[in-house]
>>> print(open('target08.cif').read())   # mmCIF, C-alpha atoms and all ligand atoms
data_final
loop_
_atom_site.group_PDB
_atom_site.id
_atom_site.type_symbol
_atom_site.label_atom_id
_atom_site.label_comp_id
_atom_site.auth_asym_id
_atom_site.auth_seq_id
_atom_site.Cartn_x
_atom_site.Cartn_y
_atom_site.Cartn_z
ATOM 1 C CA MET A 49 117.001 87.860 -57.653
ATOM 2 C CA GLY A 50 114.239 90.336 -56.828
ATOM 3 C CA CYS A 51 112.738 93.057 -58.929
ATOM 4 C CA ALA A 52 114.495 96.429 -58.699
ATOM 5 C CA ILE A 53 112.223 98.372 -61.058
ATOM 6 C CA GLN A 54 108.908 97.490 -62.640
ATOM 7 C CA ILE A 55 107.549 99.706 -65.392
ATOM 8 C CA GLU A 56 104.038 99.017 -66.635
ATOM 9 C CA ASN A 57 102.456 100.696 -69.628
ATOM 10 C CA LEU A 58 104.383 103.935 -69.243
ATOM 11 C CA ARG A 59 103.157 106.705 -71.524
ATOM 12 C CA LYS A 60 104.679 110.144 -71.731
ATOM 13 C CA SER A 61 104.139 112.923 -74.217
ATOM 14 C CA TYR A 62 105.415 116.456 -74.577
ATOM 15 C CA GLY A 63 102.385 118.313 -75.952
ATOM 16 C CA GLU A 64 101.371 116.427 -79.096
ATOM 17 C CA HIS A 65 104.597 114.468 -79.220
ATOM 18 C CA LEU A 66 104.133 110.971 -77.749
ATOM 19 C CA VAL A 67 107.610 109.891 -76.659
ATOM 20 C CA LEU A 68 106.901 106.713 -74.636
ATOM 21 C CA LYS A 69 104.040 104.634 -76.028
ATOM 22 C CA GLY A 70 103.272 102.206 -73.219
ATOM 23 C CA LEU A 71 106.684 100.988 -72.075
ATOM 24 C CA ASN A 72 106.867 97.733 -70.099
ATOM 25 C CA LEU A 73 110.127 96.733 -68.415
ATOM 26 C CA ARG A 74 111.306 94.781 -65.407
ATOM 27 C CA ILE A 75 114.820 95.395 -64.164
ATOM 28 C CA GLU A 76 116.309 92.816 -61.821
ATOM 29 C CA GLU A 77 118.253 93.561 -58.651
ATOM 30 C CA GLY A 78 122.017 93.518 -59.151
ATOM 31 C CA GLU A 79 122.086 93.740 -62.933
ATOM 32 C CA ILE A 80 123.644 96.346 -65.187
ATOM 33 C CA PHE A 81 120.814 97.248 -67.496
ATOM 34 C CA GLY A 82 121.400 99.343 -70.606
ATOM 35 C CA LEU A 83 118.698 101.504 -72.151
ATOM 36 C CA LEU A 84 119.653 102.246 -75.723
ATOM 37 C CA GLY A 85 118.297 104.260 -78.572
ATOM 38 C CA ILE A 86 119.358 106.898 -81.046
ATOM 39 C CA ASN A 87 119.216 110.593 -80.108
ATOM 40 C CA GLY A 88 115.688 111.546 -79.147
ATOM 41 C CA ALA A 89 114.472 107.953 -78.653
ATOM 42 C CA GLY A 90 113.251 108.769 -75.135
ATOM 43 C CA LYS A 91 115.984 107.328 -72.896
ATOM 44 C CA THR A 92 116.375 110.411 -70.719
ATOM 45 C CA THR A 93 112.613 110.854 -70.546
ATOM 46 C CA ALA A 94 112.195 107.249 -69.343
ATOM 47 C CA PHE A 95 114.976 107.721 -66.784
ATOM 48 C CA GLU A 96 113.475 110.952 -65.505
ATOM 49 C CA CYS A 97 110.032 109.339 -65.132
ATOM 50 C CA ILE A 98 111.552 106.464 -63.123
ATOM 51 C CA GLU A 99 113.632 108.871 -61.043
ATOM 52 C CA GLY A 100 110.511 110.845 -60.172
ATOM 53 C CA LEU A 101 111.852 113.989 -61.831
ATOM 54 C CA ARG A 102 109.252 114.071 -64.590
ATOM 55 C CA LYS A 103 105.493 113.602 -64.579
ATOM 56 C CA TYR A 104 104.114 110.995 -66.959
ATOM 57 C CA ASP A 105 100.708 110.682 -68.587
ATOM 58 C CA SER A 106 99.804 107.185 -67.454
ATOM 59 C CA GLY A 107 101.225 103.857 -66.365
ATOM 60 C CA ARG A 108 102.845 102.595 -63.220
ATOM 61 C CA ILE A 109 106.426 102.626 -61.992
ATOM 62 C CA THR A 110 107.587 100.689 -58.932
ATOM 63 C CA VAL A 111 111.103 101.247 -57.606
ATOM 64 C CA ASN A 112 112.463 99.034 -54.841
ATOM 65 C CA GLY A 113 115.377 100.723 -53.131
ATOM 66 C CA LYS A 114 117.179 104.006 -52.767
ATOM 67 C CA MET A 115 118.217 105.790 -55.958
ATOM 68 C CA GLY A 116 121.464 107.566 -56.790
ATOM 69 C CA ILE A 117 121.307 109.663 -59.926
ATOM 70 C CA GLN A 118 123.962 110.960 -62.299
ATOM 71 C CA LEU A 119 122.128 113.230 -64.694
ATOM 72 C CA GLN A 120 123.107 113.554 -68.349
ATOM 73 C CA SER A 121 124.350 117.056 -67.725
ATOM 74 C CA SER A 122 124.656 118.702 -64.386
ATOM 75 C CA SER A 123 126.520 121.590 -62.929
ATOM 76 C CA LEU A 124 127.811 122.761 -59.591
ATOM 77 C CA PRO A 125 128.787 126.216 -58.338
ATOM 78 C CA ALA A 126 131.997 127.283 -60.095
ATOM 79 C CA TYR A 127 134.067 127.790 -56.950
ATOM 80 C CA ILE A 128 132.995 124.724 -54.963
ATOM 81 C CA LYS A 129 135.749 122.171 -54.286
ATOM 82 C CA PRO A 130 135.050 118.466 -54.912
ATOM 83 C CA GLN A 131 135.362 117.595 -51.216
ATOM 84 C CA GLU A 132 132.930 120.385 -50.307
ATOM 85 C CA ALA A 133 130.435 119.140 -52.875
ATOM 86 C CA VAL A 134 130.723 115.620 -51.450
ATOM 87 C CA LEU A 135 130.145 116.942 -47.901
ATOM 88 C CA LEU A 136 127.167 118.980 -49.086
ATOM 89 C CA PHE A 137 125.548 115.962 -50.766
ATOM 90 C CA ALA A 138 126.353 113.755 -47.767
ATOM 91 C CA ASN A 139 124.601 116.291 -45.531
ATOM 92 C CA TRP A 140 121.544 116.349 -47.786
ATOM 93 C CA ASN A 141 121.481 112.562 -47.630
ATOM 94 C CA GLY A 142 122.046 112.497 -43.888
ATOM 95 C CA THR A 143 124.984 110.102 -44.350
ATOM 96 C CA ALA A 144 128.750 110.199 -44.135
ATOM 97 C CA ALA A 145 130.506 109.920 -47.496
ATOM 98 C CA ASP A 146 132.015 106.453 -47.882
ATOM 99 C CA PRO A 147 135.801 107.094 -48.104
ATOM 100 C CA SER A 148 136.340 103.968 -50.217
ATOM 101 C CA ILE A 149 134.090 105.339 -52.989
ATOM 102 C CA LEU A 150 135.877 108.669 -52.926
ATOM 103 C CA ALA A 151 139.267 106.966 -53.004
ATOM 104 C CA ALA A 152 138.236 104.679 -55.888
ATOM 105 C CA LEU A 153 137.054 107.679 -57.866
ATOM 106 C CA GLY A 154 140.182 109.667 -57.049
ATOM 107 C CA ILE A 155 138.234 112.543 -55.533
ATOM 108 C CA HIS A 156 140.992 113.211 -52.969
ATOM 109 C CA GLU A 157 143.441 113.929 -55.786
ATOM 110 C CA LEU A 158 141.224 116.845 -56.765
ATOM 111 C CA GLU A 159 141.175 118.466 -53.346
ATOM 112 C CA LYS A 160 142.940 121.695 -54.338
ATOM 113 C CA LYS A 161 140.816 122.312 -57.416
ATOM 114 C CA GLN A 162 137.578 124.212 -57.811
ATOM 115 C CA TYR A 163 134.702 122.822 -59.887
ATOM 116 C CA ARG A 164 135.400 125.284 -62.734
ATOM 117 C CA GLU A 165 138.983 123.993 -62.983
ATOM 118 C CA LEU A 166 138.069 120.317 -63.404
ATOM 119 C CA SER A 167 138.349 118.533 -66.725
ATOM 120 C CA MET A 168 135.310 116.837 -68.239
ATOM 121 C CA GLY A 169 136.511 113.431 -66.964
ATOM 122 C CA GLN A 170 137.129 114.772 -63.481
ATOM 123 C CA LYS A 171 133.668 116.376 -63.431
ATOM 124 C CA ARG A 172 132.080 113.070 -64.463
ATOM 125 C CA ARG A 173 133.955 111.223 -61.718
ATOM 126 C CA LEU A 174 132.784 113.809 -59.193
ATOM 127 C CA HIS A 175 129.156 113.580 -60.352
ATOM 128 C CA LEU A 176 129.321 109.793 -60.063
ATOM 129 C CA ALA A 177 130.718 110.168 -56.539
ATOM 130 C CA LEU A 178 127.856 112.530 -55.675
ATOM 131 C CA ALA A 179 125.330 110.011 -56.999
ATOM 132 C CA LEU A 180 126.895 107.385 -54.736
ATOM 133 C CA VAL A 181 127.218 109.450 -51.576
ATOM 134 C CA GLY A 182 123.855 108.327 -50.179
ATOM 135 C CA ASN A 183 124.834 104.650 -50.638
ATOM 136 C CA PRO A 184 122.024 103.947 -53.132
ATOM 137 C CA ASP A 185 120.739 100.497 -54.126
ATOM 138 C CA LEU A 186 120.052 101.682 -57.673
ATOM 139 C CA VAL A 187 122.409 103.867 -59.661
ATOM 140 C CA PHE A 188 121.211 105.782 -62.742
ATOM 141 C CA LEU A 189 123.907 106.754 -65.212
ATOM 142 C CA ASP A 190 122.828 108.816 -68.210
ATOM 143 C CA GLU A 191 125.596 108.572 -70.835
ATOM 144 C CA PRO A 192 128.287 108.505 -68.148
ATOM 145 C CA THR A 193 131.288 108.372 -70.458
ATOM 146 C CA ALA A 194 130.154 110.826 -73.151
ATOM 147 C CA GLY A 195 133.095 113.057 -74.030
ATOM 148 C CA LEU A 196 135.666 111.064 -72.042
ATOM 149 C CA ASP A 197 138.996 109.906 -73.444
ATOM 150 C CA VAL A 198 139.889 106.212 -73.619
ATOM 151 C CA GLU A 199 141.596 106.194 -70.219
ATOM 152 C CA GLY A 200 138.663 107.997 -68.609
ATOM 153 C CA ARG A 201 136.206 105.508 -70.102
ATOM 154 C CA ILE A 202 138.211 102.470 -68.997
ATOM 155 C CA SER A 203 138.512 103.812 -65.466
ATOM 156 C CA LEU A 204 134.803 104.701 -65.257
ATOM 157 C CA HIS A 205 133.857 101.265 -66.611
ATOM 158 C CA ALA A 206 135.952 99.691 -63.852
ATOM 159 C CA GLN A 207 134.074 101.794 -61.279
ATOM 160 C CA ILE A 208 130.727 100.725 -62.706
ATOM 161 C CA ARG A 209 131.739 97.042 -62.508
ATOM 162 C CA LEU A 210 132.799 97.593 -58.914
ATOM 163 C CA LEU A 211 129.348 98.968 -58.107
ATOM 164 C CA LYS A 212 127.788 95.811 -59.533
ATOM 165 C CA GLU A 213 130.130 93.692 -57.387
ATOM 166 C CA GLN A 214 128.823 95.632 -54.391
ATOM 167 C CA GLY A 215 125.348 94.392 -55.299
ATOM 168 C CA LYS A 216 123.976 97.620 -56.715
ATOM 169 C CA THR A 217 121.574 97.701 -59.648
ATOM 170 C CA ILE A 218 122.803 99.953 -62.433
ATOM 171 C CA LEU A 219 120.777 101.600 -65.159
ATOM 172 C CA LEU A 220 122.796 102.963 -67.989
ATOM 173 C CA ALA A 221 121.474 105.084 -70.842
ATOM 174 C CA SER A 222 123.773 105.062 -73.833
ATOM 175 C CA HIS A 223 124.012 104.995 -77.585
ATOM 176 C CA ASP A 224 127.481 103.541 -77.500
ATOM 177 C CA MET A 225 127.226 99.824 -78.318
ATOM 178 C CA ALA A 226 130.850 99.130 -77.400
ATOM 179 C CA GLU A 227 130.227 100.487 -73.922
ATOM 180 C CA VAL A 228 127.048 98.520 -73.561
ATOM 181 C CA GLU A 229 128.690 95.328 -74.806
ATOM 182 C CA ALA A 230 131.484 95.783 -72.268
ATOM 183 C CA LEU A 231 129.206 96.452 -69.304
ATOM 184 C CA CYS A 232 125.592 95.404 -69.573
ATOM 185 C CA ASP A 233 123.954 92.146 -68.501
ATOM 186 C CA ARG A 234 120.815 93.026 -70.459
ATOM 187 C CA ILE A 235 119.753 95.782 -72.791
ATOM 188 C CA ALA A 236 116.578 97.339 -74.095
ATOM 189 C CA ILE A 237 116.552 99.237 -77.370
ATOM 190 C CA LEU A 238 113.967 101.987 -77.693
ATOM 191 C CA ASN A 239 112.652 102.868 -81.113
ATOM 192 C CA LYS A 240 109.988 105.518 -81.613
ATOM 193 C CA GLY A 241 108.612 105.067 -78.102
ATOM 194 C CA ASN A 242 108.456 101.260 -78.234
ATOM 195 C CA LEU A 243 110.783 98.475 -77.164
ATOM 196 C CA ALA A 244 112.518 97.190 -80.288
ATOM 197 C CA PHE A 245 114.662 94.667 -78.399
ATOM 198 C CA LEU A 246 115.000 93.270 -74.882
ATOM 199 C CA GLY A 247 117.634 90.714 -73.934
ATOM 200 C CA THR A 248 121.362 90.147 -73.546
ATOM 201 C CA VAL A 249 123.987 91.451 -75.931
ATOM 202 C CA ASP A 250 124.670 87.838 -76.938
ATOM 203 C CA GLU A 251 120.987 87.354 -77.744
ATOM 204 C CA LEU A 252 121.072 90.518 -79.829
ATOM 205 C CA THR A 253 124.108 89.241 -81.716
ATOM 206 C CA ALA A 254 122.584 85.792 -82.185
ATOM 207 C CA SER A 255 119.271 87.237 -83.370
ATOM 208 C CA ILE A 256 120.919 89.020 -86.244
ATOM 209 C CA GLY A 257 123.988 86.956 -86.993
ATOM 210 C CA ARG A 258 127.308 88.681 -87.427
ATOM 211 C CA ARG A 259 128.488 89.380 -90.939
ATOM 212 C CA TYR A 260 132.051 89.613 -92.072
ATOM 213 C CA ASN A 261 133.114 92.566 -94.179
ATOM 214 C CA ILE A 262 135.849 91.606 -96.647
ATOM 215 C CA LYS A 263 138.016 93.976 -98.662
ATOM 216 C CA ILE A 264 140.250 92.529 -101.368
ATOM 217 C CA ILE A 265 142.965 94.685 -102.883
ATOM 218 C CA THR A 266 144.509 94.027 -106.277
ATOM 219 C CA LYS A 267 146.403 96.181 -108.781
ATOM 220 C CA ALA A 268 143.017 96.868 -110.383
ATOM 221 C CA GLY A 269 141.706 98.422 -107.160
ATOM 222 C CA GLU A 270 139.694 97.453 -104.080
ATOM 223 C CA GLU A 271 136.546 95.351 -103.936
ATOM 224 C CA ASP A 272 134.215 94.921 -100.934
ATOM 225 C CA TYR A 273 132.181 91.848 -100.017
ATOM 226 C CA ALA A 274 130.033 90.710 -97.101
ATOM 227 C CA ALA A 275 129.671 87.106 -95.942
ATOM 228 C CA GLU A 276 128.183 85.049 -93.113
ATOM 229 C CA ASN A 277 130.537 82.090 -93.591
ATOM 230 C CA ILE A 278 134.054 83.458 -93.871
ATOM 231 C CA GLY A 279 135.747 80.161 -94.819
ATOM 232 C CA GLU A 280 133.528 79.392 -97.785
ATOM 233 C CA ALA A 281 133.429 82.996 -98.917
ATOM 234 C CA MET A 282 137.237 83.320 -98.976
ATOM 235 C CA LEU A 283 137.674 80.092 -100.974
ATOM 236 C CA ASP A 284 135.120 81.258 -103.561
ATOM 237 C CA LEU A 285 136.531 84.761 -103.777
ATOM 238 C CA LEU A 286 140.150 83.659 -104.176
ATOM 239 C CA GLU A 287 139.126 81.110 -106.815
ATOM 240 C CA GLY A 288 137.358 83.936 -108.672
ATOM 241 C CA TYR A 289 140.414 86.197 -108.576
ATOM 242 C CA LYS A 290 142.588 83.338 -109.804
ATOM 243 C CA LYS A 291 140.254 82.770 -112.729
ATOM 244 C CA ARG A 292 140.347 86.492 -113.535
ATOM 245 C CA ASN A 293 144.153 86.312 -113.396
ATOM 246 C CA LEU A 294 144.276 89.055 -110.788
ATOM 247 C CA THR A 295 146.983 88.871 -108.115
ATOM 248 C CA VAL A 296 145.582 89.560 -104.655
ATOM 249 C CA LEU A 297 147.840 92.103 -102.907
ATOM 250 C CA ASP A 298 146.050 92.356 -99.592
ATOM 251 C CA ILE A 299 142.927 91.151 -97.772
ATOM 252 C CA LYS A 300 141.187 92.955 -94.922
ATOM 253 C CA ILE A 301 138.479 91.249 -92.890
ATOM 254 C CA ASP A 302 136.432 92.656 -90.061
ATOM 255 C CA ARG A 303 133.278 91.511 -88.357
ATOM 256 C CA GLY A 304 130.175 93.626 -88.885
ATOM 257 C CA THR A 305 130.041 95.704 -85.737
ATOM 258 C CA LEU A 306 127.332 95.437 -83.162
ATOM 259 C CA GLU A 307 127.017 99.168 -83.703
ATOM 260 C CA GLU A 308 125.702 98.560 -87.240
ATOM 261 C CA HIS A 309 123.141 96.055 -85.930
ATOM 262 C CA PHE A 310 122.122 98.392 -83.153
ATOM 263 C CA ILE A 311 121.504 101.243 -85.583
ATOM 264 C CA ASN A 312 119.359 98.961 -87.757
ATOM 265 C CA ILE A 313 117.195 97.960 -84.787
ATOM 266 C CA ALA A 314 117.107 101.403 -83.203
ATOM 267 C CA LYS A 315 115.925 102.912 -86.480
ATOM 268 C CA GLY A 316 113.526 100.041 -87.075
ATOM 269 C CA GLU A 317 115.164 98.886 -90.297
HETATM 270 N N1 LIG B 1 111.307 119.104 -71.929
HETATM 271 C C1 LIG B 1 110.949 118.712 -73.145
HETATM 272 N N2 LIG B 1 109.998 119.361 -73.821
HETATM 273 C C2 LIG B 1 109.595 118.980 -75.062
HETATM 274 N N3 LIG B 1 110.138 117.930 -75.729
HETATM 275 C C3 LIG B 1 111.106 117.256 -75.116
HETATM 276 C C4 LIG B 1 111.558 117.593 -73.792
HETATM 277 N N4 LIG B 1 112.533 116.727 -73.425
HETATM 278 C C5 LIG B 1 112.672 115.894 -74.471
HETATM 279 N N5 LIG B 1 111.822 116.191 -75.485
HETATM 280 C C6 LIG B 1 111.683 115.466 -76.753
HETATM 281 O O1 LIG B 1 111.379 114.122 -76.454
HETATM 282 C C7 LIG B 1 112.085 113.223 -77.292
HETATM 283 C C8 LIG B 1 112.912 112.281 -76.435
HETATM 284 O O2 LIG B 1 113.941 113.016 -75.798
HETATM 285 P P1 LIG B 1 114.942 112.343 -74.765
HETATM 286 O O3 LIG B 1 115.865 113.406 -74.279
HETATM 287 O O4 LIG B 1 114.172 111.563 -73.773
HETATM 288 O O5 LIG B 1 115.711 111.330 -75.740
HETATM 289 P P2 LIG B 1 117.093 110.548 -75.537
HETATM 290 O O6 LIG B 1 116.872 109.180 -76.074
HETATM 291 O O7 LIG B 1 117.546 110.674 -74.135
HETATM 292 O O8 LIG B 1 118.035 111.362 -76.515
HETATM 293 P P3 LIG B 1 119.634 111.656 -76.422
HETATM 294 O O9 LIG B 1 120.337 110.409 -76.821
HETATM 295 O O10 LIG B 1 119.789 112.749 -77.455
HETATM 296 O O11 LIG B 1 119.945 112.107 -75.030
HETATM 297 C C9 LIG B 1 112.907 114.106 -78.235
HETATM 298 O O12 LIG B 1 112.193 114.233 -79.447
HETATM 299 C C10 LIG B 1 112.983 115.435 -77.526
HETATM 300 O O13 LIG B 1 113.043 116.487 -78.446
#
>>> encode(input="target08.cif", output="C-alpha cells", more="lines below")
Ligand SMILES: Nc1ncnc2c1ncn2[C@@H]1O[C@H](COP(=O)(O)OP(=O)(O)OP(=O)(O)O)[C@@H](O)[C@H]1O
Amino acid sequence: MGCAIQIENLRKSYGEHLVLKGLNLRIEEGEIFGLLGINGAGKTTAFECIEGLRKYDSGRITVNGKMGIQLQSSSLPAYIKPQEAVLLFANWNGTAADPSILAALGIHELEKKQYRELSMGQKRRLHLALALVGNPDLVFLDEPTAGLDVEGRISLHAQIRLLKEQGKTILLASHDMAEVEALCDRIAILNKGNLAFLGTVDELTASIGRRYNIKIITKAGEEDYAAENIGEAMLDLLEGYKKRNLTVLDIKIDRGTLEEHFINIAKGE
C-alpha cells in the first residue's frame, strides 16, 4: 500500500488563533480515514489545507493522486438540474461522467427537478456525484451525512464503501462516532490543534476499555452503576439488593458508547 497523503508539521493560524499546531499524518492508499474532533477542532481547516483551498503558515503536504472534494456546505444555482450540474462538472474536468456512479447515487431519478427543489439528502447525493465526476483517486467528504435521515445515511454509507472497493482513498471529517465506527479503517482525533489519537477504532476501544452502564429498578426507585466486568458486578449488585430485602423489578444494561470515549479524548479529559 502506498502513501496517498503525507502531512508534515502543518501549522495554520487565523490571526492570533493557532488552529493546527504542527500536524503530522500519513494516509495510506485505499483506506477510509476519519478525521474527528469536536466543533472548531480544525478538521475543515486541515481538509482545506490538503485540498489546496487554504494557505497554511508552514509545513509540507504531499498528495499523490487526483482529488474529488465534497465541501461541508456548497451550493449550486437554484434552477440548475442535477444532470446539467453533472455535465458542467464533467466538462470542467474534461471527462465524461461515469454512468455507473450516477446510477448508484440515483441522480437519474432527479432528472426533472431543479437544485432548489431537492431535499437535503438529494443535494448531498448530488454533491457526492459531482465530487466523483472527475474519477478521483482521493475523495474528501466533510461531514457527508450531516442532517440526513437514517435511510439517507445508510445509503450514503453504502456508496462510500463502494468507493473504497473501487480502490479510492477516502478522507472523512466527522464528529459522529457511530458513522466513523461503521466506515473508517483508521481515525485521527484532533484536540486543540494536536493529534490526540491515531489508530483503528478497535485500538481506540481497547485503549480505553468499554464500561457497562447498569440501571437497577426497584420499588424504591432507580439506581445507576458502572462496571468493567459485567458478570462480577451483577452478582455483587444482586447480592446487595437481596441483603437489603429489595425486590429487583427491572435491569437495564448498555455498553458505554464509543461516543462518550471520543468526547473524553477530543476534549482532552
Ligand atoms: N476563515 C476563518 N477565519 C477565522 N477563523 C476561522 C476561519 N475558519 C475557521 N476558523 C476558526 O478555526 C477553528 C477551526 O475551525 P474548523 O472549521 O477548521 O473546525 P472544524 O473541526 O471543522 O469544526 P466543525 O466541526 O464545527 O465543522 C475554529 O475556532 C474556527 O472558529
>>> resolve_selection(input="target08.cif", expression="the PyMOL selection byres (((not hetatm)) within 6 of (chain B and resi 1))", output="list in words")
Tyr62, Val67, Gly85, Ile86, Asn87, Gly88, Ala89, Gly90, Lys91, Thr92 and Thr93 of chain A
>>> closest_residue(input="target08.cif", among="A:Leu210, A:Leu196, A:Leu119, A:Lys290", to="Leu101 of chain A", atoms="all atoms listed in the file")
A:Leu119
>>> resolve_selection(input="target08.cif", expression="the PyMOL selection byres (((chain A and resi 302) around 12) and not hetatm)", output="count of residues only")
20
>>> resolve_selection(input="target08.cif", expression="the PyMOL selection byres (((chain A and resi 118) around 8) and not hetatm)", output="PDB file with C-alpha atoms, in the coordinates of the input")
ATOM      1  CA  GLY A 116     121.464 107.566 -56.790  1.00  0.00           C
ATOM      2  CA  ILE A 117     121.307 109.663 -59.926  1.00  0.00           C
ATOM      3  CA  LEU A 119     122.128 113.230 -64.694  1.00  0.00           C
ATOM      4  CA  GLN A 120     123.107 113.554 -68.349  1.00  0.00           C
ATOM      5  CA  HIS A 175     129.156 113.580 -60.352  1.00  0.00           C
ATOM      6  CA  LEU A 176     129.321 109.793 -60.063  1.00  0.00           C
ATOM      7  CA  LEU A 178     127.856 112.530 -55.675  1.00  0.00           C
ATOM      8  CA  ALA A 179     125.330 110.011 -56.999  1.00  0.00           C
ATOM      9  CA  VAL A 187     122.409 103.867 -59.661  1.00  0.00           C
ATOM     10  CA  PHE A 188     121.211 105.782 -62.742  1.00  0.00           C
ATOM     11  CA  LEU A 189     123.907 106.754 -65.212  1.00  0.00           C
ATOM     12  CA  ASP A 190     122.828 108.816 -68.210  1.00  0.00           C
ATOM     13  CA  PRO A 192     128.287 108.505 -68.148  1.00  0.00           C
TER      14      PRO A 192
END
>>> residues_around(input="target08.cif", residues="Ala221 of chain A", least_positions_apart="3", cutoff="6 Å", atoms="all atoms listed in the file", output="ChimeraX atom specification")
/A:82-84,190-191
>>> residues_around(input="target08.cif", residues="Leu158 of chain A", least_positions_apart="2", cutoff="12 Å", atoms="all atoms listed in the file", output="CSV table (one decimal) with C-alpha atoms, in the frame of the given file")
chain,number,residue,atom,x,y,z
A,128,ILE,CA,133.0,124.7,-55.0
A,129,LYS,CA,135.7,122.2,-54.3
A,130,PRO,CA,135.0,118.5,-54.9
A,131,GLN,CA,135.4,117.6,-51.2
A,132,GLU,CA,132.9,120.4,-50.3
A,133,ALA,CA,130.4,119.1,-52.9
A,134,VAL,CA,130.7,115.6,-51.4
A,150,LEU,CA,135.9,108.7,-52.9
A,151,ALA,CA,139.3,107.0,-53.0
A,153,LEU,CA,137.1,107.7,-57.9
A,154,GLY,CA,140.2,109.7,-57.0
A,155,ILE,CA,138.2,112.5,-55.5
A,156,HIS,CA,141.0,113.2,-53.0
A,160,LYS,CA,142.9,121.7,-54.3
A,161,LYS,CA,140.8,122.3,-57.4
A,162,GLN,CA,137.6,124.2,-57.8
A,163,TYR,CA,134.7,122.8,-59.9
A,164,ARG,CA,135.4,125.3,-62.7
A,165,GLU,CA,139.0,124.0,-63.0
A,166,LEU,CA,138.1,120.3,-63.4
A,167,SER,CA,138.3,118.5,-66.7
A,169,GLY,CA,136.5,113.4,-67.0
A,170,GLN,CA,137.1,114.8,-63.5
A,171,LYS,CA,133.7,116.4,-63.4
A,173,ARG,CA,134.0,111.2,-61.7
A,174,LEU,CA,132.8,113.8,-59.2
>>> atom_distance(input="target08.cif", atom1="atom CA of Thr253 of chain A", atom2="atom CA of Ala236 of chain A")
13.4 Å
>>> atom_distance(input="target08.cif", atom1="atom CA of Ala281 of chain A", atom2="atom CA of Ile265 of chain A")
15.6 Å
>>> atom_distance(input="target08.cif", atom1="atom CA of Asn72 of chain A", atom2="atom CA of Ala226 of chain A")
25.1 Å
>>> closest_residue(input="target08.cif", among="A:Val181, A:Ala268, A:Leu68, A:Ile98", to="Leu238 of chain A", atoms="only C-alpha atoms")
A:Leu68
>>> closest_residue(input="target08.cif", among="A:Val111, A:Ile311, A:Leu71, A:Ile149", to="Gly241 of chain A", atoms="all atoms listed in the file")
A:Leu71
>>> closest_residue(input="target08.cif", among="A:Ala314, A:Ile109, A:Leu136, A:Ile218", to="Leu246 of chain A", atoms="all atoms listed in the file")
A:Ala314
>>> closest_residue(input="target08.cif", among="A:Cys51, A:Leu252, A:Met115, A:Leu219", to="Phe310 of chain A", atoms="all atoms listed in the file")
A:Leu252
>>> closest_residue(input="target08.cif", among="A:Ala138, A:Ile313, A:Leu124, A:Ala144", to="Asn242 of chain A", atoms="all atoms listed in the file")
A:Ile313
>>> residues_around(input="target08.cif", residues="Ala52 of chain A", least_positions_apart="5", cutoff="7 Å", atoms="only C-alpha atoms", output="list in words")
Ile75, Glu76, Glu77, Val111 and Asn112 of chain A
>>> residues_around(input="target08.cif", residues="Ala152 of chain A", least_positions_apart="6", cutoff="10 Å", atoms="all atoms listed in the file", output="JSON, numbers by chain")
{"A": [173, 177, 203, 204, 206, 207, 210]}
>>> write_last_selection(input="target08.cif", atoms="C-alpha atoms", output="compact mmCIF listing (two decimals), keeping the file's coordinate frame")
# COMPACT_ATOMS: atom_id res chain seq x y z
CA ARG A 173 133.96 111.22 -61.72
CA ALA A 177 130.72 110.17 -56.54
CA SER A 203 138.51 103.81 -65.47
CA LEU A 204 134.80 104.70 -65.26
CA ALA A 206 135.95 99.69 -63.85
CA GLN A 207 134.07 101.79 -61.28
CA LEU A 210 132.80 97.59 -58.91
>>> residues_near_point(input="target08.cif", point="(122.1, 94.5, -60.1)", cutoff="9 Å", atoms="only C-alpha atoms", output="list in words")
Met49, Ala52, Ile75, Glu76, Glu77, Gly78, Glu79, Ile80, Phe81, Asp185, Leu186, Leu211, Lys212, Glu213, Gln214, Gly215, Lys216, Thr217, Ile218, Leu219 and Asp233 of chain A
>>> build_atoms(input="target08.cif", residues="segment 284-293 of chain A", atoms="N, CA and C atoms", output="PDB file, keeping the file's coordinate frame")
ATOM      1  N   ASP A 284     135.788  80.859-102.317  1.00  0.00           N
ATOM      2  CA  ASP A 284     135.120  81.258-103.561  1.00  0.00           C
ATOM      3  C   ASP A 284     135.754  82.508-104.155  1.00  0.00           C
ATOM      4  N   LEU A 285     136.001  83.490-103.281  1.00  0.00           N
ATOM      5  CA  LEU A 285     136.531  84.761-103.777  1.00  0.00           C
ATOM      6  C   LEU A 285     137.920  84.569-104.393  1.00  0.00           C
ATOM      7  N   LEU A 286     138.775  83.833-103.688  1.00  0.00           N
ATOM      8  CA  LEU A 286     140.150  83.659-104.176  1.00  0.00           C
ATOM      9  C   LEU A 286     140.169  82.867-105.483  1.00  0.00           C
ATOM     10  N   GLU A 287     139.277  81.884-105.575  1.00  0.00           N
ATOM     11  CA  GLU A 287     139.126  81.110-106.815  1.00  0.00           C
ATOM     12  C   GLU A 287     138.764  82.059-107.966  1.00  0.00           C
ATOM     13  N   GLY A 288     137.824  82.967-107.675  1.00  0.00           N
ATOM     14  CA  GLY A 288     137.358  83.936-108.672  1.00  0.00           C
ATOM     15  C   GLY A 288     138.496  84.835-109.144  1.00  0.00           C
ATOM     16  N   TYR A 289     139.299  85.314-108.205  1.00  0.00           N
ATOM     17  CA  TYR A 289     140.414  86.197-108.576  1.00  0.00           C
ATOM     18  C   TYR A 289     141.437  85.447-109.424  1.00  0.00           C
ATOM     19  N   LYS A 290     141.635  84.165-109.050  1.00  0.00           N
ATOM     20  CA  LYS A 290     142.588  83.338-109.804  1.00  0.00           C
ATOM     21  C   LYS A 290     142.119  83.206-111.254  1.00  0.00           C
ATOM     22  N   LYS A 291     140.814  82.932-111.381  1.00  0.00           N
ATOM     23  CA  LYS A 291     140.254  82.770-112.729  1.00  0.00           C
ATOM     24  C   LYS A 291     140.393  84.056-113.532  1.00  0.00           C
ATOM     25  N   ARG A 292     140.245  85.194-112.834  1.00  0.00           N
ATOM     26  CA  ARG A 292     140.347  86.492-113.535  1.00  0.00           C
ATOM     27  C   ARG A 292     141.809  86.902-113.719  1.00  0.00           C
ATOM     28  N   ASN A 293     142.709  86.045-113.255  1.00  0.00           N
ATOM     29  CA  ASN A 293     144.153  86.312-113.396  1.00  0.00           C
ATOM     30  C   ASN A 293     144.602  87.583-112.671  1.00  0.00           C
TER      31      ASN A 293
END
